[in-house]
$ cat query-v8.cif   # mmCIF, C-alpha atoms
data_data
#
loop_
_atom_site.label_atom_id
_atom_site.label_comp_id
_atom_site.auth_asym_id
_atom_site.auth_seq_id
_atom_site.Cartn_x
_atom_site.Cartn_y
_atom_site.Cartn_z
CA MET A 1 15.63 21.73 -4.85
CA ILE A 2 17.12 18.73 -6.60
CA GLU A 3 19.15 17.80 -3.53
CA SER A 4 15.98 17.19 -1.53
CA TYR A 5 15.48 14.07 -3.65
CA LEU A 6 18.86 12.57 -2.70
CA PRO A 7 17.54 10.90 0.50
CA ILE A 8 14.89 9.17 -1.63
CA PHE A 9 17.59 7.65 -3.83
CA ALA A 10 19.48 6.59 -0.71
CA GLN A 11 16.30 4.95 0.60
CA ILE A 12 15.84 3.15 -2.72
CA VAL A 13 19.41 1.83 -2.56
CA VAL A 14 18.93 0.67 1.06
CA ALA A 15 15.68 -1.11 0.12
CA ILE A 16 17.34 -2.91 -2.81
CA VAL A 17 20.27 -3.95 -0.60
CA LEU A 18 17.83 -5.28 2.01
CA GLY A 19 15.98 -7.35 -0.60
CA VAL A 20 19.18 -8.82 -2.08
CA LEU A 21 20.55 -9.49 1.40
CA LEU A 22 17.48 -11.37 2.61
CA SER A 23 17.25 -13.49 -0.57
CA THR A 24 20.95 -14.36 -0.43
CA LEU A 25 20.72 -15.25 3.27
CA GLY A 26 17.87 -17.65 2.54
CA VAL A 27 19.82 -19.36 -0.24
CA LEU A 28 23.05 -19.52 1.78
CA ILE A 29 21.69 -20.79 5.09
CA GLY A 30 18.96 -23.18 3.92
CA PRO A 31 19.79 -26.82 3.06
CA LYS A 32 20.10 -27.87 -0.58
CA ARG A 33 18.52 -31.27 -1.09
CA LYS A 34 16.66 -31.04 -4.36
CA THR A 35 14.66 -33.98 -5.74
CA ALA A 36 12.58 -34.17 -8.89
CA GLN A 37 9.42 -34.54 -6.79
CA LYS A 38 10.19 -31.47 -4.73
CA LEU A 39 10.65 -29.31 -7.82
CA THR A 40 7.32 -30.15 -9.44
CA THR A 41 4.51 -27.60 -9.53
CA TYR A 42 2.50 -27.65 -6.30
CA GLU A 43 -1.17 -28.49 -6.75
CA SER A 44 -2.05 -29.72 -3.26
CA GLY A 45 -0.50 -33.14 -3.77
CA ILE A 46 -2.35 -33.94 -7.01
CA GLU A 47 -0.32 -34.59 -10.17
CA PRO A 48 -0.29 -31.32 -12.17
CA VAL A 49 -2.72 -31.42 -15.07
CA GLY A 50 -2.16 -29.27 -18.15
CA ALA A 51 -0.10 -26.11 -18.46
CA ALA A 52 -0.55 -23.05 -16.24
CA LYS A 53 -0.21 -20.41 -18.91
CA GLU A 54 -3.35 -21.07 -20.84
CA ARG A 55 -5.71 -18.43 -22.13
CA VAL A 56 -7.13 -16.24 -19.38
CA SER A 57 -10.35 -14.27 -19.30
CA VAL A 58 -10.26 -11.15 -21.46
CA LYS A 59 -11.88 -9.29 -18.54
CA TYR A 60 -8.50 -8.76 -16.90
CA TYR A 61 -7.20 -7.15 -20.08
CA LEU A 62 -10.27 -4.91 -20.28
CA VAL A 63 -9.85 -3.79 -16.69
CA ALA A 64 -6.21 -2.96 -17.36
CA MET A 65 -7.13 -0.86 -20.40
CA LEU A 66 -9.91 0.98 -18.58
CA PHE A 67 -7.52 1.61 -15.72
CA ILE A 68 -5.02 3.29 -18.01
CA VAL A 69 -7.73 5.53 -19.50
CA PHE A 70 -9.14 6.59 -16.14
CA ASP A 71 -5.80 6.86 -14.39
CA ILE A 72 -4.53 9.29 -17.00
CA GLU A 73 -7.64 11.36 -16.41
CA VAL A 74 -6.97 11.32 -12.66
CA VAL A 75 -3.38 12.41 -13.31
CA PHE A 76 -4.74 15.49 -15.11
CA MET A 77 -6.46 16.47 -11.88
CA TYR A 78 -3.27 16.76 -9.80
CA PRO A 79 -1.94 19.98 -11.36
CA TRP A 80 -5.50 21.32 -11.32
CA ALA A 81 -5.83 20.55 -7.59
CA VAL A 82 -2.57 22.33 -6.70
CA SER A 83 -3.51 25.53 -8.52
CA PHE A 84 -7.26 25.33 -7.88
CA ARG A 85 -7.38 28.37 -5.58
CA GLU A 86 -5.89 30.65 -8.21
CA TYR A 87 -8.56 29.74 -10.75
CA GLY A 88 -11.53 29.96 -8.38
CA ILE A 89 -14.99 29.52 -9.90
CA ALA A 90 -13.61 29.12 -13.45
CA GLY A 91 -11.46 26.22 -12.24
CA LEU A 92 -14.45 24.56 -10.63
CA LEU A 93 -16.59 24.93 -13.74
CA SER A 94 -13.93 23.50 -16.03
CA MET A 95 -13.45 20.56 -13.66
CA VAL A 96 -17.21 19.94 -13.58
CA THR A 97 -17.16 19.87 -17.39
CA PHE A 98 -14.22 17.49 -17.35
CA ALA A 99 -15.96 15.26 -14.79
CA LEU A 100 -19.13 15.18 -16.91
CA LEU A 101 -17.12 14.11 -19.97
CA LEU A 102 -15.45 11.48 -17.80
CA LEU A 103 -18.82 10.27 -16.55
CA ALA A 104 -20.16 10.02 -20.11
CA GLY A 105 -17.41 7.55 -20.93
CA TYR A 106 -17.91 5.86 -17.61
CA PHE A 107 -21.64 5.23 -18.20
CA TYR A 108 -20.83 4.06 -21.70
CA ILE A 109 -18.53 1.29 -20.46
CA ILE A 110 -21.04 0.31 -17.78
CA LYS A 111 -23.86 0.07 -20.34
CA LYS A 112 -21.55 -1.92 -22.61
CA GLY A 113 -21.14 -4.38 -19.74
CA ALA A 114 -17.36 -4.04 -19.67
CA LEU A 115 -17.38 -4.30 -15.88
CA GLU A 116 -19.71 -7.32 -15.53
CA TRP A 117 -17.92 -10.22 -13.91
CA ASP A 118 -20.40 -13.09 -14.16
CA MET B 119 32.32 29.52 2.58
CA GLN B 120 31.35 27.28 -0.31
CA TYR B 121 33.08 24.28 1.25
CA LEU B 122 31.19 24.93 4.47
CA ALA B 123 27.88 24.91 2.62
CA VAL B 124 28.75 21.61 0.92
CA PHE B 125 29.78 20.22 4.31
CA PHE B 126 26.44 21.16 5.88
CA LEU B 127 24.60 19.70 2.93
CA ALA B 128 26.51 16.43 3.30
CA MET B 129 25.80 16.38 7.04
CA GLU B 130 22.09 16.86 6.44
CA LEU B 131 22.07 14.15 3.79
CA ALA B 132 23.83 11.79 6.22
CA HIS B 133 21.20 12.56 8.85
CA ARG B 134 18.38 11.83 6.46
CA VAL B 135 19.94 8.58 5.20
CA ALA B 136 20.46 7.52 8.84
CA LEU B 137 16.79 8.30 9.51
CA GLY B 138 15.88 6.14 6.50
CA VAL B 139 17.85 3.17 7.83
CA VAL B 140 16.33 3.69 11.27
CA MET B 141 12.84 3.79 9.75
CA ILE B 142 13.39 0.52 7.84
CA THR B 143 14.52 -1.08 11.11
CA VAL B 144 11.51 0.37 12.92
CA ILE B 145 9.18 -0.96 10.20
CA ILE B 146 10.70 -4.46 10.35
CA LEU B 147 10.36 -4.49 14.15
CA SER B 148 6.79 -3.20 13.95
CA VAL B 149 6.01 -5.93 11.40
CA VAL B 150 7.14 -8.45 14.01
CA LEU B 151 4.97 -6.77 16.65
CA THR B 152 2.03 -6.47 14.24
CA VAL B 153 2.16 -10.15 13.31
CA TRP B 154 2.16 -11.03 17.00
CA SER B 155 -0.66 -8.63 17.87
CA GLU B 156 -2.67 -9.75 14.85
CA ARG B 157 -2.54 -13.35 16.09
CA ARG B 158 -3.33 -12.31 19.65
CA VAL B 159 -6.21 -10.02 18.64
CA ALA B 160 -7.56 -12.70 16.30
CA ALA B 161 -7.43 -15.21 19.14
CA PHE B 162 -9.18 -12.75 21.44
CA ILE B 163 -11.92 -12.07 18.88
CA GLN B 164 -12.43 -15.81 18.36
CA HIS B 165 -12.24 -16.74 22.06
CA ARG B 166 -8.94 -18.57 21.71
CA VAL B 167 -5.65 -18.09 23.57
CA GLY B 168 -3.29 -17.49 20.65
CA PRO B 169 0.49 -17.85 20.71
CA ASN B 170 1.67 -17.58 24.33
CA ARG B 171 4.52 -20.07 24.74
CA VAL B 172 7.61 -18.50 23.16
CA GLY B 173 8.82 -15.73 25.46
CA PRO B 174 6.59 -13.51 27.62
CA PHE B 175 3.02 -13.44 26.22
CA GLY B 176 4.35 -15.27 23.16
CA LEU B 177 6.17 -12.10 22.06
CA LEU B 178 9.09 -14.07 20.63
CA GLN B 179 6.84 -16.24 18.42
CA PRO B 180 7.42 -14.18 15.22
CA PHE B 181 11.20 -14.32 15.76
CA ALA B 182 10.96 -18.10 16.09
CA ASP B 183 8.94 -18.21 12.85
CA VAL B 184 11.54 -16.13 11.00
CA MET B 185 14.33 -18.39 12.28
CA LYS B 186 12.42 -21.42 11.04
CA LEU B 187 11.93 -19.87 7.58
CA LEU B 188 15.60 -18.90 7.45
CA PHE B 189 16.67 -22.53 7.89
CA LYS B 190 14.28 -23.88 5.25
CA GLU B 191 15.34 -24.90 1.77
CA ASP B 192 15.03 -22.26 -0.94
CA VAL B 193 13.07 -24.05 -3.69
CA VAL B 194 12.60 -22.74 -7.23
CA PRO B 195 10.21 -25.12 -9.06
CA SER B 196 11.73 -26.59 -12.21
CA SER B 197 8.99 -25.15 -14.43
CA ALA B 198 9.28 -21.65 -12.95
CA ASN B 199 11.12 -18.74 -14.50
CA ARG B 200 14.15 -18.55 -12.23
CA PHE B 201 15.02 -14.87 -12.64
CA TYR B 202 11.53 -13.50 -12.07
CA HIS B 203 10.89 -16.00 -9.29
CA VAL B 204 13.83 -14.47 -7.40
CA LEU B 205 12.98 -10.91 -8.41
CA ALA B 206 9.29 -10.84 -7.41
CA PRO B 207 9.68 -10.85 -3.59
CA MET B 208 12.36 -8.18 -3.89
CA ILE B 209 10.01 -5.88 -5.80
CA SER B 210 7.29 -6.34 -3.19
CA LEU B 211 9.69 -5.59 -0.37
CA PHE B 212 11.17 -2.63 -2.27
CA ALA B 213 7.79 -0.98 -2.74
CA ALA B 214 6.92 -1.45 0.92
CA MET B 215 10.21 -0.06 2.23
CA THR B 216 10.55 3.03 0.03
CA THR B 217 7.04 4.48 0.40
CA VAL B 218 7.87 5.70 3.90
CA ALA B 219 10.53 8.10 2.56
CA VAL B 220 8.24 11.14 2.34
CA VAL B 221 6.03 10.62 5.41
CA PRO B 222 6.63 13.35 8.02
CA PHE B 223 6.93 11.97 11.56
CA ALA B 224 7.07 15.40 13.22
CA ASN B 225 7.35 18.99 12.04
CA GLY B 226 10.53 18.98 9.96
CA ILE B 227 11.36 15.31 10.58
CA ALA B 228 11.00 13.32 7.38
CA ILE B 229 13.46 11.28 5.37
CA ALA B 230 12.86 13.48 2.32
CA ASP B 231 10.74 16.62 2.39
CA VAL B 232 10.03 16.92 -1.34
CA ASN B 233 7.32 19.10 -2.83
CA VAL B 234 5.68 16.27 -4.79
CA GLY B 235 5.52 13.85 -1.86
CA MET B 236 2.01 12.66 -2.62
CA LEU B 237 2.85 11.83 -6.25
CA TYR B 238 5.87 9.86 -5.04
CA ILE B 239 3.68 7.75 -2.73
CA LEU B 240 1.20 6.98 -5.52
CA ALA B 241 4.04 6.10 -7.91
CA ILE B 242 5.79 3.73 -5.51
CA THR B 243 2.62 1.99 -4.32
CA SER B 244 1.79 1.26 -7.97
CA LEU B 245 5.10 -0.59 -8.22
CA GLY B 246 3.85 -3.07 -5.62
CA VAL B 247 1.47 -4.52 -8.22
CA TYR B 248 4.44 -5.74 -10.25
CA GLY B 249 5.72 -7.87 -7.37
CA LEU B 250 2.49 -9.86 -7.08
CA THR B 251 1.85 -10.12 -10.83
CA ILE B 252 5.39 -11.26 -11.62
CA ALA B 253 5.24 -13.72 -8.71
CA GLY B 254 2.06 -15.25 -10.12
CA TRP B 255 3.38 -15.39 -13.66
CA ALA B 256 6.89 -16.65 -12.89
CA SER B 257 5.68 -19.56 -10.73
CA ASN B 258 4.08 -21.25 -13.76
CA ASN B 259 1.33 -22.60 -11.51
CA LYS B 260 -2.39 -22.22 -12.25
CA TYR B 261 -3.27 -21.02 -8.79
CA SER B 262 -0.39 -18.58 -8.62
CA LEU B 263 -1.22 -17.14 -12.01
CA LEU B 264 -4.89 -16.67 -11.08
CA GLY B 265 -3.89 -15.07 -7.78
CA GLY B 266 -1.47 -12.75 -9.54
CA LEU B 267 -4.03 -11.74 -12.17
CA ARG B 268 -6.70 -11.16 -9.56
CA SER B 269 -4.42 -9.03 -7.43
CA SER B 270 -3.25 -6.89 -10.33
CA ALA B 271 -6.82 -6.27 -11.53
CA GLN B 272 -7.94 -5.52 -7.97
CA MET B 273 -5.08 -3.18 -7.15
CA ILE B 274 -5.33 -1.11 -10.29
CA SER B 275 -9.11 -0.84 -9.89
CA TYR B 276 -8.85 0.54 -6.40
CA GLU B 277 -5.96 2.80 -7.31
CA LEU B 278 -8.45 4.98 -9.24
CA ALA B 279 -10.62 5.63 -6.18
CA MET B 280 -7.46 6.15 -4.14
CA GLY B 281 -6.06 8.68 -6.61
CA LEU B 282 -9.35 10.60 -6.76
CA SER B 283 -9.69 10.85 -2.98
CA VAL B 284 -6.09 12.05 -2.79
CA VAL B 285 -6.96 14.85 -5.23
CA SER B 286 -9.61 16.11 -2.78
CA VAL B 287 -6.98 16.18 -0.01
CA ILE B 288 -4.68 18.20 -2.27
CA VAL B 289 -7.46 20.69 -3.01
CA LEU B 290 -7.90 21.19 0.74
CA ALA B 291 -4.18 21.48 1.46
CA ASP B 292 -3.31 23.43 -1.72
CA SER B 293 -0.05 21.48 -1.92
CA LEU B 294 1.43 18.08 -2.80
CA ASN B 295 3.97 18.34 0.01
CA MET B 296 3.22 15.94 2.86
CA THR B 297 4.27 18.38 5.60
CA ASN B 298 2.00 21.07 4.12
CA ILE B 299 -0.86 18.57 3.99
CA VAL B 300 -0.39 17.89 7.71
CA GLU B 301 0.01 21.59 8.54
CA SER B 302 -3.21 22.43 6.68
CA GLN B 303 -5.13 20.22 9.10
CA THR B 304 -4.05 22.32 12.12
CA ALA B 305 -4.05 21.17 15.74
CA ASN B 306 -7.82 21.38 16.02
CA PRO B 307 -9.15 17.83 15.42
CA LEU B 308 -12.32 19.27 13.81
CA TYR B 309 -10.16 20.51 10.90
CA TRP B 310 -8.61 17.09 10.31
CA ASN B 311 -9.43 15.70 6.91
CA CYS B 312 -11.36 12.76 8.34
CA PHE B 313 -14.07 15.31 9.28
CA ARG B 314 -13.57 18.00 6.62
CA ASN B 315 -13.40 15.37 3.92
CA PHE B 316 -15.27 12.43 5.38
CA LEU B 317 -16.23 10.75 2.08
CA GLY B 318 -12.66 11.00 0.87
CA PHE B 319 -11.49 9.41 4.12
CA VAL B 320 -13.89 6.48 3.64
CA CYS B 321 -12.94 6.00 -0.03
CA PHE B 322 -9.22 6.18 0.69
CA THR B 323 -9.38 3.77 3.63
CA VAL B 324 -11.39 1.18 1.70
CA ALA B 325 -9.02 1.53 -1.27
CA ALA B 326 -6.03 1.19 1.05
CA PHE B 327 -7.44 -2.08 2.42
CA ALA B 328 -7.75 -3.35 -1.15
CA GLU B 329 -4.27 -2.13 -2.08
CA CYS B 330 -2.79 -4.05 0.84
CA ASN B 331 -4.74 -7.19 -0.17
CA ARG B 332 -6.15 -7.32 3.34
CA ALA B 333 -9.43 -8.98 4.25
CA PRO B 334 -12.19 -8.43 3.15
CA PHE B 335 -10.26 -7.89 -0.10
CA ASP B 336 -7.79 -10.79 0.25
CA LEU B 337 -8.96 -12.62 -2.88
CA PRO B 338 -5.48 -12.92 -4.39
CA GLU B 339 -4.66 -15.48 -1.72
CA ALA B 340 -8.11 -16.90 -0.96
CA GLU B 341 -6.78 -20.19 0.36
CA GLN B 342 -10.00 -22.17 -0.08
CA GLU B 343 -9.94 -21.72 -3.85
CA LEU B 344 -6.40 -20.74 -4.81
CA VAL B 345 -4.19 -22.74 -2.37
CA GLY B 346 -1.88 -19.83 -1.45
CA GLY B 347 -2.54 -17.56 -4.41
CA TYR B 348 0.46 -15.75 -5.88
CA ASN B 349 2.84 -17.07 -3.22
CA THR B 350 1.94 -20.76 -3.49
CA GLU B 351 5.34 -21.62 -4.96
CA PHE B 352 7.35 -19.42 -2.62
CA GLY B 353 9.00 -20.92 0.43
CA ALA B 354 11.68 -20.15 2.98
CA MET B 355 13.01 -16.57 2.96
CA LYS B 356 11.14 -15.67 -0.24
CA PHE B 357 7.87 -16.37 1.51
CA ALA B 358 9.16 -14.43 4.51
CA MET B 359 9.87 -11.47 2.22
CA PHE B 360 6.34 -11.50 0.81
CA PHE B 361 5.01 -11.74 4.33
CA LEU B 362 7.23 -8.90 5.49
CA ALA B 363 6.19 -6.78 2.51
CA GLU B 364 2.50 -7.44 3.14
CA TYR B 365 2.66 -6.33 6.74
CA ALA B 366 5.03 -3.46 5.99
CA ASN B 367 2.52 -2.29 3.38
CA MET B 368 -0.20 -2.36 6.00
CA ILE B 369 1.91 -0.30 8.42
CA VAL B 370 2.93 2.21 5.76
CA ALA B 371 -0.68 2.47 4.54
CA SER B 372 -1.70 3.26 8.13
CA MET B 373 0.98 5.97 8.24
CA VAL B 374 -0.27 7.47 4.98
CA ILE B 375 -3.89 7.42 6.16
CA VAL B 376 -2.83 9.12 9.39
CA THR B 377 -0.86 11.75 7.47
CA LEU B 378 -3.57 12.53 4.96
CA PHE B 379 -6.68 12.26 7.09
CA LEU B 380 -6.00 11.99 10.82
CA GLY B 381 -3.87 15.08 11.23
CA GLY B 382 -0.50 13.35 10.89
CA TYR B 383 1.80 14.40 13.70
CA GLN B 384 -0.59 17.10 15.00
CA VAL B 385 -1.28 16.87 18.71
CA PRO B 386 -4.90 17.89 19.50
CA PHE B 387 -5.07 21.51 20.80
CA TRP B 388 -1.28 21.84 21.09
CA SER B 389 0.09 23.33 17.90
CA GLU B 390 3.61 24.03 19.22
CA ALA B 391 4.23 20.58 20.70
CA PRO B 392 7.91 19.46 20.95
CA TRP B 393 9.04 16.97 18.33
CA PHE B 394 9.00 13.89 20.55
CA VAL B 395 5.36 14.52 21.51
CA GLN B 396 4.53 14.87 17.82
CA VAL B 397 6.30 11.61 16.99
CA GLY B 398 4.39 9.99 19.86
CA ALA B 399 1.06 11.32 18.54
CA PHE B 400 1.93 10.06 15.07
CA ALA B 401 2.85 6.61 16.41
CA ALA B 402 -0.31 6.41 18.54
CA LYS B 403 -2.54 7.25 15.55
CA THR B 404 -0.69 4.74 13.36
CA VAL B 405 -1.13 1.99 15.95
CA LEU B 406 -4.83 2.82 16.08
CA MET B 407 -5.11 2.47 12.28
CA ILE B 408 -3.20 -0.85 12.36
CA PHE B 409 -5.63 -2.08 14.99
CA VAL B 410 -8.53 -1.14 12.68
CA PHE B 411 -6.86 -3.16 9.89
CA ILE B 412 -6.63 -6.21 12.17
CA TRP B 413 -10.12 -5.71 13.59
CA VAL B 414 -11.73 -5.56 10.13
CA ARG B 415 -9.85 -8.65 8.97
CA TRP B 416 -11.30 -10.78 11.75
CA SER B 417 -14.82 -9.32 11.60
CA VAL B 418 -15.75 -9.04 7.91
CA PRO B 419 -16.08 -12.04 5.54
CA ARG B 420 -14.34 -12.05 2.16
CA PHE B 421 -16.10 -10.59 -0.90
CA LYS B 422 -16.85 -12.46 -4.12
CA TYR B 423 -14.73 -11.25 -7.02
CA SER B 424 -17.69 -9.69 -8.83
CA GLN B 425 -18.70 -7.82 -5.66
CA LEU B 426 -15.15 -6.58 -5.23
CA MET B 427 -14.94 -5.20 -8.76
CA ASN B 428 -18.41 -3.69 -8.50
CA LEU B 429 -17.53 -1.94 -5.26
CA GLY B 430 -14.36 -0.50 -6.76
CA TRP B 431 -15.70 0.62 -10.12
CA LYS B 432 -19.38 1.29 -9.51
CA SER B 433 -19.41 2.66 -5.96
CA LEU B 434 -16.05 4.03 -4.91
CA LEU B 435 -15.03 5.62 -8.21
CA PRO B 436 -18.20 7.78 -8.66
CA LEU B 437 -18.29 8.48 -4.92
CA ALA B 438 -14.70 9.74 -4.95
CA LEU B 439 -15.39 11.90 -8.00
CA LEU B 440 -18.51 13.37 -6.40
CA ASN B 441 -16.57 14.00 -3.22
CA LEU B 442 -13.86 15.82 -5.16
CA LEU B 443 -16.39 18.20 -6.71
CA LEU B 444 -18.11 18.74 -3.33
CA VAL B 445 -14.79 19.51 -1.64
CA ALA B 446 -13.78 21.88 -4.44
CA ALA B 447 -17.13 23.71 -4.19
CA GLY B 448 -16.76 23.81 -0.40
CA VAL B 449 -13.29 25.34 -0.65
CA LEU B 450 -14.67 28.03 -2.98
CA LEU B 451 -17.63 28.84 -0.73
CA LEU B 452 -15.86 28.75 2.62
CA GLY B 453 -12.51 30.08 1.45
CA GLY B 454 -10.38 27.08 2.27
CA LYS B 455 -11.45 26.19 5.81
#
$ encode --input "query-v8.cif" --output "structure tokens"
Amino acid sequence: MIESYLPIFAQIVVAIVLGVLLSTLGVLIGPKRKTAQKLTTYESGIEPVGAAKERVSVKYYLVAMLFIVFDIEVVFMYPWAVSFREYGIAGLLSMVTFALLLLAGYFYIIKKGALEWD
Amino acid sequence: MQYLAVFFLAMELAHRVALGVVMITVIILSVVLTVWSERRVAAFIQHRVGPNRVGPFGLLQPFADVMKLLFKEDVVPSSANRFYHVLAPMISLFAAMTTVAVVPFANGIAIADVNVGMLYILAITSLGVYGLTIAGWASNNKYSLLGGLRSSAQMISYELAMGLSVVSVIVLADSLNMTNIVESQTANPLYWNCFRNFLGFVCFTVAAFAECNRAPFDLPEAEQELVGGYNTEFGAMKFAMFFLAEYANMIVASMVIVTLFLGGYQVPFWSEAPWFVQVGAFAAKTVLMIFVFIWVRWSVPRFKYSQLMNLGWKSLLPLALLNLLLVAAGVLLLGGK
């Protein structure tokens, strides 16, 4: 079965080659007339004020953490889904239990206001 | 005998690699066509004429645009991180071009017919987030960084709903293999997943719009507030690569929606159709989905960020979970039909 993955690796190589090729073409063909003004940060013609990498809202970090938690739980469902028909009613009941546990955590983070964006 | 087997294996591999190269070419050409039709459809919706000067019906306009971008200067801002600034567009393009590898275009015609096809698609589409985030971070520009952050938060939020609706498709198909998923929908349109699994279809389509950063979810590059968003500092071919990746993502997302929910290559009421009819049916359905993408973009206004996150976390996620349980119960009651 392992050989059925070979075309995927070939596709990956082709995609990388395409990306490198296009970038190199752009660098090779385009003119090179660099000035200090041209290389400044673009802020719609206004002189850049302050640094870009300042502190950002912690909300983004929270969303990323919650994503990891929930995505791992979704990943657990894939093997369950493939073998669901073998397990029948027992499989359904265990998934309902799992979903209820998931929902308990879900309502907890909503009540905590972790997903409020205002 | 053993040499012969190796020879046949090599021949088949060569065929599949050739199909992969052909598909990348087809995608690039369809990106060109999609850009043109998007501008024409937008013009039609807004009572304008749209591009009609370059070539017949303006068909050569996108080629002219690419030529212009090719002859522009490749600028890396002095405050940017050079390596990641070059790498980011490549990652975006890479994710867009490799997802197609497991999509079946007809019975038995796919670049790779692996038994975990669906997992592969989810894995590769997650890589696309890196392209936008790294682009925003490497540019060292406030607007780029905000655009990159927004897009990463948005894409991972909608990936949950997407993953959950995919699970319901897998329950129905009893397999992760893309060809099996298509075969399970049969040639009768009533058994296609868009009817059997309507809620899943809605969740997946909405999530796919968000994953592609298409309107009404195009906040990462909301030009009124963020200049150009994550690609503000990208010009010339690097911008072209982001543009190419964005439209390629849209086309590939349409293909995946067609495969999972619209019966894939199945021709209505003709289960033993020859391969070229199946490819034609697949292409027709994909074009229809692309048209829906364009149609929605020019009809629906952009969300606020809080609305977008609320829709993803508070509506789609519970809806997809509920749908999964309903589908599972339905499969138990009706025995898989």
$ interface_residues --input "query-v8.cif" --of "chain A" --to "chain B" --cutoff "8 Å" --atoms "only C-alpha atoms" --output "PyMOL selection string"
chain A and resi 4-8+10-12+14-16+19-20+22-23+25-27+29-34+38-44+51-53+60+63-64+67+70-71+74+77-78+81-85+88-89+92+95-96+99+115-118
$ closest_atom_pairs --input "query-v8.cif" --of "region 236-312 of chain B" --to "region 375-398 of chain B" --cutoff "9 Å" --atoms "all atoms listed in the file" --output "tab-separated table"
residue	atom	partner	partner_atom	distance
B:Val284	CA	B:Leu378	CA	8.2
B:Val287	CA	B:Leu378	CA	7.0
B:Met296	CA	B:Thr377	CA	7.4
B:Thr297	CA	B:Thr377	CA	8.6
B:Ile299	CA	B:Leu378	CA	6.7
B:Val300	CA	B:Gly382	CA	5.5
B:Glu301	CA	B:Gln384	CA	7.9
B:Ser302	CA	B:Gly381	CA	8.7
B:Gln303	CA	B:Gly381	CA	5.7
B:Thr304	CA	B:Gln384	CA	6.9
B:Ala305	CA	B:Pro386	CA	5.1
B:Asn306	CA	B:Phe387	CA	5.5
B:Pro307	CA	B:Pro386	CA	5.9
B:Tyr309	CA	B:Gly381	CA	8.3
B:Trp310	CA	B:Gly381	CA	5.2
B:Asn311	CA	B:Phe379	CA	4.4
B:Cys312	CA	B:Phe379	CA	4.9
$ closest_residue --input "query-v8.cif" --among "B:Pro419, B:Gly176, B:Gly318, B:Gly266" --to "Gly347 (chain B)" --atoms "only C-alpha atoms"
B:Gly266
$ atom_distance --input "query-v8.cif" --atom1 "CA of Leu178 (chain B)" --atom2 "CA of Ala366 (chain B)"
18.5 Å
$ closest_residue --input "query-v8.cif" --among "A:Leu102, A:Leu28, A:Leu18, A:Glu86" --to "Ile72 (chain A)" --atoms "all atoms listed in the file"
A:Leu102
$ atom_distance --input "query-v8.cif" --atom1 "CA of Ala206 (chain B)" --atom2 "CA of Ile252 (chain B)"
5.8 Å
$ residues_around --input "query-v8.cif" --residues "Cys330 (chain B)" --least-positions-apart "2" --cutoff "12 Å" --atoms "all atoms listed in the file" --output "compact mmCIF listing (two decimals) with C-alpha atoms, in the coordinates of the input"
# COMPACT_ATOMS: atom_id res chain seq x y z
CA SER B 210 7.29 -6.34 -3.19
CA ALA B 213 7.79 -0.98 -2.74
CA ALA B 214 6.92 -1.45 0.92
CA THR B 243 2.62 1.99 -4.32
CA SER B 244 1.79 1.26 -7.97
CA GLY B 246 3.85 -3.07 -5.62
CA VAL B 247 1.47 -4.52 -8.22
CA LEU B 250 2.49 -9.86 -7.08
CA SER B 269 -4.42 -9.03 -7.43
CA SER B 270 -3.25 -6.89 -10.33
CA GLN B 272 -7.94 -5.52 -7.97
CA MET B 273 -5.08 -3.18 -7.15
CA ILE B 274 -5.33 -1.11 -10.29
CA TYR B 276 -8.85 0.54 -6.40
CA GLU B 277 -5.96 2.80 -7.31
CA THR B 323 -9.38 3.77 3.63
CA VAL B 324 -11.39 1.18 1.70
CA ALA B 325 -9.02 1.53 -1.27
CA ALA B 326 -6.03 1.19 1.05
CA PHE B 327 -7.44 -2.08 2.42
CA ALA B 328 -7.75 -3.35 -1.15
CA ARG B 332 -6.15 -7.32 3.34
CA ALA B 333 -9.43 -8.98 4.25
CA PRO B 334 -12.19 -8.43 3.15
CA PHE B 335 -10.26 -7.89 -0.10
CA ASP B 336 -7.79 -10.79 0.25
CA LEU B 337 -8.96 -12.62 -2.88
CA PRO B 338 -5.48 -12.92 -4.39
CA GLU B 339 -4.66 -15.48 -1.72
CA PHE B 360 6.34 -11.50 0.81
CA PHE B 361 5.01 -11.74 4.33
CA ALA B 363 6.19 -6.78 2.51
CA GLU B 364 2.50 -7.44 3.14
CA TYR B 365 2.66 -6.33 6.74
CA ALA B 366 5.03 -3.46 5.99
CA ASN B 367 2.52 -2.29 3.38
CA MET B 368 -0.20 -2.36 6.00
CA ILE B 369 1.91 -0.30 8.42
CA VAL B 370 2.93 2.21 5.76
CA ALA B 371 -0.68 2.47 4.54
CA SER B 372 -1.70 3.26 8.13
CA ILE B 408 -3.20 -0.85 12.36
CA PHE B 411 -6.86 -3.16 9.89
CA ARG B 415 -9.85 -8.65 8.97
$ atom_distance --input "query-v8.cif" --atom1 "CA of Pro169 (chain B)" --atom2 "CA of Val184 (chain B)"
14.8 Å
$ closest_residue --input "query-v8.cif" --among "A:Ala90, A:Leu101, A:Lys59, A:Pro79" --to "Gly113 (chain A)" --atoms "only C-alpha atoms"
A:Lys59
$ closest_residue --input "query-v8.cif" --among "A:Leu93, A:Ala36, A:Val17, A:Leu62" --to "Ile109 (chain A)" --atoms "all atoms listed in the file"
A:Leu62
